[in-house]
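Only one structure is covered here, and it is reproduced in the block below.
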Amino acid sequence: MTALTHALTEAEKRLACYWPLPAFIASNPLWDMTEQSFLAVTQALYPLSLAMPLDFYRQHYQKGLITPKHLQQAIDQILPSLEKNQQIYWHEQALNFSAEHLPASASNILWSAQLGEYQYQNALEWVKSHCLQWLIQFFSENMTTQSDPSCTHLLNFWHALALRENPQLREIFSSHEIDFHQQLQRLLKELAIPEHLYLDYFTHIIWQLYGWGSFIKWLNTHPDNPWLSANANIEMLLIMWLSYEWLLKQRSHYIYQAPKASFSSAKQSSINTFCTLQCIWQTAFELPYQNKIIEHLQQSKAHILKRNSRPKAQAIFCIDTRSEGIRRHLEETGDYQTFGFAGFFGFAFKLEHACGQQSLQCPALINPNIILKLQTQQASFGLATRKQFLNAYSQTKQSLLSPYALFEMLGIWALFKLIAKTFIPSKTLKWSDQLLNNPELSNHSLNFDQNLGFSREEAVENAFFFLTAIGLTDNFAPTVLICAHQSTSTNNPFAATLDCGACGGNSGIPNAWIAAQVLNDENVRKALNQKGICIPQSTRFLPACHHTTRDEIEVFTPLADESIQLDLEKAALRLREEKQKSLPTKRSIKGRESDWSELIPELGLINNRAIIIAPRSLTIGMDLERQTFLHDYDPSLDHDGKILTTILTAPVVVAHWINAQYYFSTVNPNQFGAGNKAIHNVIPGIGVMSGNLSDLKIGLPEQSIQFQGELMHEPRRLLVVVYAKRKQVEAILQEQPQLASLISGHWIRLEVIEP
Amino acid sequence: MTVLCILIMTLAAALSLVVFPRKFELNIKVAQFLWAVICLLTLAAYYTLPTTWHWQYEFLTLANFKLKFMLGFDALSQVMLAVVVIISFIIFQYAKRYLASDVTRSRFLAQLCLVTVSVMLLILAANLLTAFIAWQLVGLNLYLLLNHYHYDLQANRAAKKKFIITRVGDLCFLMAIVLAYQQTGTSTFESLLISPHPEAIALLIFIAVMTKSAQFPFHIWLADTMETPTPVSALMHAGVINAGGFLLTRIASLLSKAPVTMEFIFIIGLLTALLGSFFMLTQADTKKKLAYSTMGQMGYMVMQCGLGAFPSAVFHLIAHGFLKATLFLNAGSTLQFTPATRNDSKPFSKVQLILWTLIISISFMIIASLFSAFIHLSLPIVIWGFIALTVMQLLYRVFKARASLQTLISSILGIMICFMLYLLVLARFNTTLVHFDYTAFHIGSWQFILIGVLILGQLGIWCLPFYHKGLQCGQTLYYLSVRKLFIEEIYRCTLLYPLRRLGDLFNQVCHQKLSAYKIPKLLIVIMGFLIFSGISNHFSITSAAITYTRLEWFFICFLLLAGIIANRASTLSNIFIWILILEMSLIGIGLFDQSFIIQKVALFHLINMLLVMGMLATLMLNRDVQPLPVNIPPAQNCLPWLMFYLSTGLLLLIGIPGTASFIAELSFLIALMQAHLILAIFYASGMILLSIVVLHALQTYVFDYHFISLARSPISPFTHIVCWGAIIINILNGMHPDALLNLLSL
């Protein structure tokens with residue numbers, strides 16, 4: 001492998017995989033680096049910080065939230081088998097190490113950064129803005145219009161346009177080297193960048209164009225996505241950047257001064273100390289909570305009871321942390337049994353909406369091949385007219401000569417919209433739904449084709465797995481709610497971050513419908529009976545939805561027992577009261593979803609910190625403060641460990657992604673967060689940038705994480721608690737090296753509670 | 001009186017946000033209550049008959065004319081006041097929630113209120129001077145709002161750019177006022193009619209309008225202002241930017257005497273409209289798309305003014321304001337994937353499509369023309385043409401959507417109803433507002449030709465794949481649209497870079513770091529200066545006072561030179577010294593003027609300037625003012641006291657109304673206009689240079705947190721007293737200069 005290819009593969013690993021924002025999937029931005037340990041990655045990426053500043057932890061230490069014992073335990077975990085005096089040394093360092101004398105970053109490793117100023121502008125910014133401009137144009141052209149194939153290739157597109165501005169660039173592309181590597185090599189040679197710097201150099205470029213790089217990485221890893229097909233890769237991105245630097249070189253005749261390959265050994269060791277301390281402190285910060293919860297669970301293990309009677313009703317929720325609250329309150333109101341399973345309920349498919357766009361209704365790890373079409377209601381005559389009119393309006397607005405008089409014609413009427421949206425937002429939302437009759441929004445109109453798209457075998461298999469995984473194989477209640485969740489917000493580009501992650505950042509309602517429909521099917525039940533699950537005739541599976549913004553539960557088919565409805569309302573009311581206290585502003589929960597000026601419609605999965613894979617009876621009665629993912633799992637039904645393997649490799653990984661997304665957006669908002677929502681500027685179909693021209697913003701916005709400069713989300717890595725035999729878990733870890741390296745590298749912490 | 005109440009209430013709302021404690025959101029509740037009262041008062045004002053109500057305050061008497069601050073209330077201000085209050089209130093409500101997670105929400109809301117007050121002032125202004133004061137205050141407040149995240153360099157740059165460009169317009173406006181005063185003795189809008197040089201005044205005011213309303217070629221600031229919270233964009237695009245159209249309507253009677261300017265207005269407006277739309281087509285992101293759409297719409301509005309259709313222009317700016325506010329406030333909801341368009345059936349061929357569109361459009365227009373005769377609506381031909389273009393496009397899209405016949409007919413009917421309603425509203429509007437007889441403007445055949453060309457262009461767009469990437473021509477157009485015709489680059493190369501190079505060169509001279517080959521360059525530059533002043537001197541011989549003009553030329557050259565050098569000075573103390581020199585040459589101009597009053601003003605300015613400079617010097621005393629890389633997190637989004645004083649002190653220098661330097665700026669301009677017009681122009685460019693210097697210094701030494709160690713040094717109580725003293729004295733002098741001036745004459 002040459003230095004170049006090595007540098008390229010390593011550099012690409014530093015990129016996140018960024019889904020387009022309308023289908024946002026949380027992910028660990030450093031997922032490809034998780035084969036190394038957290039500590040090693042922290043050291044490798046220095047000066048990019050992967051933990052909070054040391055003072056943050058020390059403040060907690062001074063307040064007594066972290067005790068010396070926790071610190072000691074953390075040192076033992078990060079640096080096992082230390083001698084006694086070494087331990088004391090680290091303990092002292094943790095309290096006294098000063099970050100002030102750390103070497104500053106080698107920020108001027110980039111050619112343009114070294115040049116400093118070009119034509120009274122920052123040369124780095126000059127290069128960056130040129131690259132960004134063409135990247136934005138390229139992707140938005142490909143996303144919004146069905147353009148001809150000649151512009152789906154990033155470099156061709158860029159050549160065709162950028163070469164007009166800078167004909168000098170022709171020189172470097174004249175020889176028609178088709179191979180990107182050759183082009184790259186040539187540019188690097190021209191810029192006189194030594195080989196040993198390639199990786200550092202590429203990394204620095206990537207930090208500058210992190211958002212678009214991550215978007216390109218998603219594009220390459222998901223070539224059959226339903227939204228965008230374009231030809232772009234990291235090499236092209238680097239070629240663009242280097243070409244502009246080459247152009248500057250031609251104009252300014254500056255000669256590159258290669259910085260020293262590495263820091264001096266003393267500096268390097270102080271960097272290592274710093275990174276180690278960050279890891280130690282972060283671990284110590286997590287320990288109090290983790291120890292407490294493990295202790296609790298160990299104690300409640302004794303009280304586990306196998307249920308032998310039919311409850312009044314059962315409800316299956318998503319593993320989402322927000323479900324924990326509603327489950328707890330529902331159980332308190334009466335004889336209810338609740339379960340947790342990933343919000344797609346085992347049925348993965350693509351959904352085609354009435355307007356023709358598609359959404360993936362499954363976790364990101366699965367690529368579904370079944371397409372379901374959303375049946376529209378009989379298009380009424382008035383509806384078609386309204387839609388046509390709106391369509392004509394938006395296209396007239398976007399044309400060269402006709403928008404002027406159009407604004408006069410329709411502008412005056414916008415006053416009513418302005419007033420309505422400001423003063424009576426919830427009614428306006430209802431009206432506009434009625435006016436346009438969006439089938440996505442009015443849930444009652446959800447009605448699928450009779451032919452579900454799943455073959456019977458598939459359906460039975462999915463249903464069987466679904467029921468055994470959560471341990472619901474007998475004692476079926478007459479009513480079983482399959483409760484998806486959905487978040488509603490207005491004027492919020494980050495709406496998908498609040499929706500069901502297991503349904504591809506969409507509402508989980510379609511999945512609940514499908515699951516209920518399959519489980520109510522006579523033939524499916526017969527087949528399940530043969531497999532040993534007997535669902536009584538009287539049992540009905542009902543699709544429902546937990547609206548997480550306003551915290552209500554909506555059941556889509558009428559309930560036989562009216563008292564259930566009342567209990568659901570009571571539980572939701574209690575949850576609202578509980579949630580209201582944790583919200584940063586005093587604004588009531590009710591108004592948040594329809595208000596177009598609300599930047600914090602809900603707190604989402606804030607403070608998520610653990611996933612518990614156990615029967616609900618282990619955690620019942622515990623107030624987990626809506627901070628844990630709960631996946632139901634009955635070890636007695638899983639003799640070969642297949643179910644546990646699936647849980648550990650799918651929902652746990654998804655939970656880790658969500659957790660890591662929050663973690664990294666909190667500890668380093670500049671690099672991994674999306675910044676301030678108030679200045680976001682939407683690029684339709686792709687994402688947001690901040691302000692006038694910036695990199696594509698990935699990750700979570702400031703408003704999801706902090707309020708008025710204070711953190712709302714406490715950055716903690718995920719704790720995985722499994723209720724299973726230790727041997728079985730160890731056997732699974734041996735088969736799953738990626739999972740094992742996540743655990744051994746301290747990306748997540750796994751604890752086993754033996755039955 | 002109601003009107004005055006409204007003004008005061010809005011000010012009070014701004015004040016209450018700052019004064020009342022932030023606990024329990026008390027300040028916001030009080031402000032909201034005040035806003036509710038304001039709305040009621042506006043309603044009352046809207047339904048009272050417009051009286052010839054006037055309120056005036058004479059704040060400066062200069063020899064032969066009295067400068068008055070005058071407010072009035074007529075039909076136009078009645079409508080506009082209602083619109084401004086509605087939009088501001090809605091944006092206030094929106095921003096209240098939108099910025100809930102921002103620590104400095106109260107400051108932001110207070111600034112929103114201040115912008116509203118300044119816009120109201122502009123609407124109520126009864127003479128040019130008041131309009132100008134309001135005009136400047138709008139600019140300043142907007143600068144502060146655009147700087148809301150002042151630690152963000154991008155935001156800062158955009159705000160600076162906007163301020164400097166509008167500064168060009170401001171000085172033109174000021175010159176127009178001075179001309180008006182010289183020719184008529186007052187500057188009320190009615191008195192402008194008797195001015196002997198209507199063209200000059202109208203043209204100067206129009207340049208101000210161009211900078212404010214983002215007309216080509218001053219549009220370059222508009223799209224950069226997205227680094228600020230969305231409500232500011234909404235307010236700017238819905239309210240503030242319309243000030244240009246409003247001002248043109250205000251001076252409609254003057255414009256009726258300036259046909260050449262009217263033609264110029266028309267051409268600029270049309271060009272801006274077309275360019276704005278052209279740039280809009282290729283914008284990828286929502287907000288910039290909206291920004292260029294605004295540019296196009298502003299062009300259209302100005303074009304309507306150029307045709308004399310002032311009521312239509314006002315109607316347009318109101319309609320556009322509402323729609324643009326909605327679009328901006330809703331800008332977060334444009335994210336969704338665009339659904340794939342499906343090609344189902346093909347009932348129409350392209351020829352059929354266009355034919356049908358044309359037939360229906362023509363019948364529409366015939367009906368409309370009959371209808372408009374019935375409702376007494378008369379519009380210039382060009383505007384009818386644009387309406388026809390819109391109708392054509394709407395119908396074309398409807399036909400193209402290939403719906404069923406039933407839907408098609410109902411859509412066409414819908415468009416028809418919208419269209420008729422629009423005409424009705426417009427007709428009603430035309431009768432209520434100032435009447436302007438645009439028929440006085442020749443309805444030449446060129447209007448028909450223009451419309452013909454535009455309609456052909458529309459047909460061409462339908463027929464040809466305009467943005468087809470494969471086509472060379474389409475590609476070129478796409479490229480030009482993305483790069484905005486390189487207008488900004490042209491500015492950079494022709495104005496910015498030479499100015500900076502010159503500044504660098506002079507700076508090197510001053511610091512004796514000059515390489516040998518730069519000396520000839522420098523000699524050429526100095527020779528140029530000398531020759532230039534010689535030539536101008538030659539022309540100024542015709543003027544009466546030779547000796548004085550010579551001296552003035554000398555000072556002006558010095559002023560420009562100091563400005564150019566200060567712009568590239570490398571430390572704050574250097575900038576300070578050069579600004580001092582610049583101000584000294586300013587005072588020199590005044591002191592050597594023949595007029596006793598101007599000399600008095602020069603003394604007045606000297607006192608105030610020394611106070612401000614003393615304040616700045618106290619701040620910099622014994623403090624390290626070298627830019628050093630120090631990272632201070634902008635967690636509080638709030639300037640330290642030292643920075644606050646520094647920025648206030650610097651802003652006091654550039655002639656914002658209400659500060660003492662404004663009085664001086666105005667008086668010196670009056671003096672120079674009497675002496676020589678070219679001199680006055682150079683003086684104005686000197687003033688623009690001064691603002692560039694000050695804003696640049698603000699950016700590097702105040703807002704760029706990452707490079708300033710100044711902020712960390714503590715401030716003594718003595719400094720606090722000195723600074724507040726200087727600021728208060730300066731503002732008092734600016735508000736009521738007569739006190740000190742009378743004192744000086746003793």
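Starting from 1 in every chain, residues are counted up; chains themselves are A, B, ... following the order of the structure tokens, and ligands are numbered from 1 as listed.
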
May I have all residues of stretch 558-638 of chain A that DSSP, computed from the backbone, assigns to strand (DSSP E), given as number ranges by chain?
A: 610-613, 628-631

Would you mind exporting the chosen residues as a PDB file, in the first residue's frame, restricted to C-alpha atoms?
```pdb
ATOM      1  CA  ALA A 610     -27.855   3.415  29.671  1.00  0.00           C
ATOM      2  CA  ILE A 611     -29.629   0.562  27.978  1.00  0.00           C
ATOM      3  CA  ILE A 612     -31.077  -2.211  30.078  1.00  0.00           C
ATOM      4  CA  ILE A 613     -31.707  -5.516  28.346  1.00  0.00           C
ATOM      5  CA  THR A 628     -32.451   4.700  29.835  1.00  0.00           C
ATOM      6  CA  PHE A 629     -33.322   2.635  26.842  1.00  0.00           C
ATOM      7  CA  LEU A 630     -35.316  -0.379  27.920  1.00  0.00           C
ATOM      8  CA  HIS A 631     -35.282  -3.521  25.814  1.00  0.00           C
TER       9      HIS A 631
END
```

Quick one: residues within 10 Å of B:Ala680, only C-alpha atoms, excluding same-chain residues fewer than 4 positions away - as a list in words?
Met175, Ile556, Phe668, Leu669, Ile670, Ala671, Leu672, Met673, Gln674, Ala675, His676, Ala684, Ser685 and Gly686 of chain B

Go ahead and save the picked residues with N, CA and C atoms, as a PDB file, in the first residue's frame.
```pdb
ATOM      1  N   MET B 175     -26.067  65.406   1.265  1.00  0.00           N
ATOM      2  CA  MET B 175     -25.796  66.454   0.284  1.00  0.00           C
ATOM      3  C   MET B 175     -27.095  66.961  -0.317  1.00  0.00           C
ATOM      4  N   ILE B 556      -8.560  68.998   2.859  1.00  0.00           N
ATOM      5  CA  ILE B 556      -9.272  67.826   2.337  1.00  0.00           C
ATOM      6  C   ILE B 556      -8.275  66.751   1.931  1.00  0.00           C
ATOM      7  N   PHE B 668     -20.029  71.422   8.239  1.00  0.00           N
ATOM      8  CA  PHE B 668     -18.896  71.506   7.320  1.00  0.00           C
ATOM      9  C   PHE B 668     -19.330  71.221   5.894  1.00  0.00           C
ATOM     10  N   LEU B 669     -20.253  70.277   5.775  1.00  0.00           N
ATOM     11  CA  LEU B 669     -20.750  69.985   4.426  1.00  0.00           C
ATOM     12  C   LEU B 669     -21.440  71.208   3.850  1.00  0.00           C
ATOM     13  N   ILE B 670     -22.225  71.891   4.681  1.00  0.00           N
ATOM     14  CA  ILE B 670     -22.902  73.100   4.216  1.00  0.00           C
ATOM     15  C   ILE B 670     -21.870  74.126   3.759  1.00  0.00           C
ATOM     16  N   ALA B 671     -20.849  74.299   4.603  1.00  0.00           N
ATOM     17  CA  ALA B 671     -19.816  75.277   4.265  1.00  0.00           C
ATOM     18  C   ALA B 671     -19.147  74.929   2.944  1.00  0.00           C
ATOM     19  N   LEU B 672     -18.819  73.653   2.776  1.00  0.00           N
ATOM     20  CA  LEU B 672     -18.091  73.251   1.574  1.00  0.00           C
ATOM     21  C   LEU B 672     -18.973  73.304   0.337  1.00  0.00           C
ATOM     22  N   MET B 673     -20.249  72.995   0.499  1.00  0.00           N
ATOM     23  CA  MET B 673     -21.152  73.045  -0.643  1.00  0.00           C
ATOM     24  C   MET B 673     -21.248  74.474  -1.159  1.00  0.00           C
ATOM     25  N   GLN B 674     -21.169  75.425  -0.217  1.00  0.00           N
ATOM     26  CA  GLN B 674     -21.207  76.816  -0.653  1.00  0.00           C
ATOM     27  C   GLN B 674     -19.942  77.168  -1.401  1.00  0.00           C
ATOM     28  N   ALA B 675     -18.825  76.595  -0.962  1.00  0.00           N
ATOM     29  CA  ALA B 675     -17.556  76.921  -1.600  1.00  0.00           C
ATOM     30  C   ALA B 675     -17.424  76.223  -2.952  1.00  0.00           C
ATOM     31  N   HIS B 676     -17.577  74.936  -2.938  1.00  0.00           N
ATOM     32  CA  HIS B 676     -17.298  74.216  -4.158  1.00  0.00           C
ATOM     33  C   HIS B 676     -17.924  72.836  -4.094  1.00  0.00           C
ATOM     34  N   ALA B 684     -17.189  64.327   1.445  1.00  0.00           N
ATOM     35  CA  ALA B 684     -18.080  63.195   1.714  1.00  0.00           C
ATOM     36  C   ALA B 684     -17.311  61.883   1.647  1.00  0.00           C
ATOM     37  N   SER B 685     -16.431  61.762   0.625  1.00  0.00           N
ATOM     38  CA  SER B 685     -15.693  60.502   0.555  1.00  0.00           C
ATOM     39  C   SER B 685     -14.741  60.367   1.734  1.00  0.00           C
ATOM     40  N   GLY B 686     -14.251  61.513   2.211  1.00  0.00           N
ATOM     41  CA  GLY B 686     -13.432  61.467   3.420  1.00  0.00           C
ATOM     42  C   GLY B 686     -14.216  60.936   4.600  1.00  0.00           C
TER      43      GLY B 686
END
```

Kindly provide the residues of stretch 287-383 of chain B that approach stretch 236-257 of chain B to within 12 Å, each paired with its closest atom pair and their distance in Å to one decimal, based on only C-alpha atoms, listed by chain and increasing number, as a Markdown table.
```
| residue | atom | partner | partner_atom | distance |
| --- | --- | --- | --- | --- |
| B:Lys287 | CA | B:His237 | CA | 10.9 |
| B:Lys288 | CA | B:His237 | CA | 11.6 |
| B:Leu290 | CA | B:His237 | CA | 8.8 |
| B:Ala291 | CA | B:His237 | CA | 7.6 |
| B:Tyr292 | CA | B:His237 | CA | 10.3 |
| B:Ser293 | CA | B:His237 | CA | 9.9 |
| B:Thr294 | CA | B:His237 | CA | 6.7 |
| B:Met295 | CA | B:His237 | CA | 9.1 |
| B:Gly296 | CA | B:His237 | CA | 11.7 |
| B:Gln297 | CA | B:Asn242 | CA | 9.9 |
| B:Met298 | CA | B:Asn242 | CA | 7.3 |
| B:Gly299 | CA | B:Gly245 | CA | 9.6 |
| B:Tyr300 | CA | B:Gly245 | CA | 10.0 |
| B:Met301 | CA | B:Gly245 | CA | 6.5 |
| B:Val302 | CA | B:Gly245 | CA | 6.1 |
| B:Met303 | CA | B:Gly245 | CA | 9.6 |
| B:Gln304 | CA | B:Gly245 | CA | 9.2 |
| B:Cys305 | CA | B:Leu248 | CA | 6.9 |
| B:Gly306 | CA | B:Leu255 | CA | 8.9 |
| B:Leu307 | CA | B:Ser256 | CA | 10.4 |
| B:Gly308 | CA | B:Ala252 | CA | 7.9 |
| B:Ala309 | CA | B:Thr249 | CA | 9.1 |
| B:Phe310 | CA | B:Thr249 | CA | 5.7 |
| B:Pro311 | CA | B:Thr249 | CA | 7.9 |
| B:Ser312 | CA | B:Thr249 | CA | 10.1 |
| B:Ala313 | CA | B:Gly245 | CA | 6.8 |
| B:Val314 | CA | B:Phe246 | CA | 6.8 |
| B:Phe315 | CA | B:Gly245 | CA | 10.3 |
| B:His316 | CA | B:Gly245 | CA | 9.4 |
| B:Leu317 | CA | B:Asn242 | CA | 6.2 |
| B:Ile318 | CA | B:Ala238 | CA | 8.1 |
| B:Ala319 | CA | B:Ala238 | CA | 9.2 |
| B:His320 | CA | B:Ala238 | CA | 6.9 |
| B:Gly321 | CA | B:Ala238 | CA | 3.8 |
| B:Phe322 | CA | B:Ala238 | CA | 6.5 |
| B:Leu323 | CA | B:Ala238 | CA | 7.9 |
| B:Lys324 | CA | B:Ala238 | CA | 5.7 |
| B:Ala325 | CA | B:Ala238 | CA | 5.3 |
| B:Thr326 | CA | B:Ala238 | CA | 9.0 |
| B:Leu327 | CA | B:Ala238 | CA | 9.9 |
| B:Phe328 | CA | B:His237 | CA | 8.4 |
| B:Leu329 | CA | B:Ala238 | CA | 10.6 |
```

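One finds atom CA of A:Pro615 at 8.8 Å from atom CA of A:Ile304.
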
Those of stretch 20-222 of chain A in DSSP alpha helix (DSSP H), formatted as a ChimeraX atom specification:
/A:38-45,54-62,68-78,84-96,111-115,123-144,154-165,169-173,180-190,198-208,210-221

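Minimum atom-to-atom distances from A:Pro715, A:Pro288, A:Gly591, A:Pro478 to chain B were compared using only C-alpha atoms, and the lowest value belongs to A:Gly591.
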
Need to verify the contact set: A:Asn142, 9 Å, only C-alpha atoms, exclusion of same-chain residues closer than 5 positions in sequence. Can you return it as a ChimeraX atom specification?
/A:137,147,151-152,228-230

Considering only C-alpha atoms, return as a VMD selection string whatever protein or nucleic-acid residues lie within 12 Å of A:Leu247, sequence-local ones (same chain, fewer than 4 positions apart) excluded.
chain A and resid 111 to 112 118 123 126 to 127 130 162 to 163 165 to 172 187 190 to 191 239 to 243 251 to 254

With N, CA and C atoms kept, could you save the residues just selected as a short mmCIF file (atom, residue, chain, number, x, y, z; two decimals), in the first residue's frame?
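Written out: selection30.cif:
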```cif
data_model
loop_
_atom_site.label_atom_id
_atom_site.label_comp_id
_atom_site.auth_asym_id
_atom_site.auth_seq_id
_atom_site.Cartn_x
_atom_site.Cartn_y
_atom_site.Cartn_z
N TRP A 111 -1.33 24.20 3.48
CA TRP A 111 -0.60 25.15 2.66
C TRP A 111 -1.21 26.54 2.77
N SER A 112 -2.54 26.57 2.65
CA SER A 112 -3.21 27.87 2.66
C SER A 112 -3.14 28.52 4.04
N TYR A 118 -4.24 36.19 1.45
CA TYR A 118 -4.16 36.28 0.01
C TYR A 118 -5.16 37.34 -0.43
N ALA A 123 -6.37 33.19 3.43
CA ALA A 123 -6.21 32.25 2.32
C ALA A 123 -6.98 30.96 2.57
N TRP A 126 -10.47 31.53 1.86
CA TRP A 126 -10.66 31.68 0.41
C TRP A 126 -10.82 30.31 -0.23
N VAL A 127 -9.92 29.41 0.12
CA VAL A 127 -9.99 28.05 -0.44
C VAL A 127 -11.26 27.37 0.01
N HIS A 130 -14.48 28.66 -1.67
CA HIS A 130 -14.63 28.20 -3.06
C HIS A 130 -15.08 26.75 -3.11
N ALA A 162 -15.74 25.58 -12.60
CA ALA A 162 -14.65 26.30 -11.93
C ALA A 162 -13.53 26.65 -12.91
N LEU A 163 -13.39 25.85 -13.95
CA LEU A 163 -12.31 26.13 -14.89
C LEU A 163 -12.56 27.41 -15.68
N GLU A 165 -13.59 30.09 -14.32
CA GLU A 165 -13.12 31.18 -13.49
C GLU A 165 -11.60 31.18 -13.42
N ASN A 166 -11.05 30.00 -13.34
CA ASN A 166 -9.61 29.88 -13.18
C ASN A 166 -9.02 29.01 -14.28
N PRO A 167 -8.85 29.57 -15.45
CA PRO A 167 -8.36 28.77 -16.57
C PRO A 167 -6.99 28.16 -16.30
N GLN A 168 -6.29 28.75 -15.35
CA GLN A 168 -4.99 28.21 -14.99
C GLN A 168 -5.08 26.75 -14.56
N LEU A 169 -6.22 26.42 -13.96
CA LEU A 169 -6.38 25.06 -13.46
C LEU A 169 -6.30 24.03 -14.58
N ARG A 170 -6.56 24.47 -15.80
CA ARG A 170 -6.50 23.55 -16.92
C ARG A 170 -5.14 22.85 -17.00
N GLU A 171 -4.11 23.61 -16.65
CA GLU A 171 -2.77 23.04 -16.73
C GLU A 171 -2.67 21.74 -15.97
N ILE A 172 -3.29 21.76 -14.80
CA ILE A 172 -3.07 20.61 -13.94
C ILE A 172 -3.97 19.45 -14.33
N LEU A 187 -0.81 16.79 -7.51
CA LEU A 187 -1.06 18.03 -6.78
C LEU A 187 -0.20 18.12 -5.54
N GLU A 190 3.27 18.96 -6.53
CA GLU A 190 3.40 20.36 -6.93
C GLU A 190 3.45 21.29 -5.71
N LEU A 191 2.67 20.91 -4.71
CA LEU A 191 2.65 21.73 -3.51
C LEU A 191 3.82 21.42 -2.59
N ILE A 239 -9.07 16.66 -4.06
CA ILE A 239 -8.56 17.26 -5.29
C ILE A 239 -9.03 18.69 -5.42
N MET A 240 -10.31 18.92 -5.10
CA MET A 240 -10.81 20.29 -5.18
C MET A 240 -10.01 21.21 -4.27
N TRP A 241 -9.84 20.77 -3.05
CA TRP A 241 -9.13 21.62 -2.07
C TRP A 241 -7.70 21.89 -2.54
N LEU A 242 -7.02 20.81 -2.92
CA LEU A 242 -5.62 20.97 -3.30
C LEU A 242 -5.47 21.81 -4.56
N SER A 243 -6.46 21.70 -5.46
CA SER A 243 -6.35 22.50 -6.68
C SER A 243 -6.40 23.99 -6.36
N ARG A 251 -0.10 31.84 -7.87
CA ARG A 251 -0.24 33.30 -7.81
C ARG A 251 0.68 33.95 -6.78
N SER A 252 0.97 33.23 -5.72
CA SER A 252 1.72 33.90 -4.66
C SER A 252 3.17 33.42 -4.55
N HIS A 253 3.49 32.31 -5.18
CA HIS A 253 4.85 31.77 -5.17
C HIS A 253 5.38 31.53 -3.78
N TYR A 254 4.50 31.17 -2.90
CA TYR A 254 4.95 30.84 -1.55
C TYR A 254 5.46 29.41 -1.57
#
```

Neighbouring residues of stretch 543-560 of chain A were defined as those with any atom within 6 Å, considering only C-alpha atoms; residues of the same chain fewer than 2 positions away were excluded. Please report them as an NGL selection string.
:A and (481-487 or 512-513 or 516 or 572 or 589-590 or 602)

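Residue nearest chain A within the list B:Trp641, B:Tyr479, B:Phe662, B:Phe132: B:Tyr479 [criterion: smallest interatomic distance, only C-alpha atoms].
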
Which residues are near A:Phe454? Cut-off 10 Å, only C-alpha atoms, ignore same chain within fewer than 4 positions. Put them as a PyMOL selection string.
chain A and resi 347-349+370-372+458-460+462+514+518

Leaving out A:Tyr120 and any residue of its chain fewer than 3 positions from it, which residues lie within 9 Å of it when counting only C-alpha atoms, given as an MDAnalysis selection string?
(chainID A and resid 117 123) or (chainID B and resid 497 500)

Restricting the calculation to only C-alpha atoms: of A:Phe672, A:Trp19, A:Phe274, A:Tyr404, which residue gets closest to chain B?
A:Tyr404

Out of B:Ile564, B:Gln508, B:Ser333, B:Val260, which residue has the shortest atom-to-atom distance to A:Ala495 when counting only C-alpha atoms?
B:Ser333

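In this structure, atom CA of A:His153 sits 26.9 Å away from atom CA of A:Pro368.
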
Using only C-alpha atoms, the residue out of A:Leu237, A:Leu696, A:Val721, A:Leu568 with shortest distance to chain B is A:Leu696
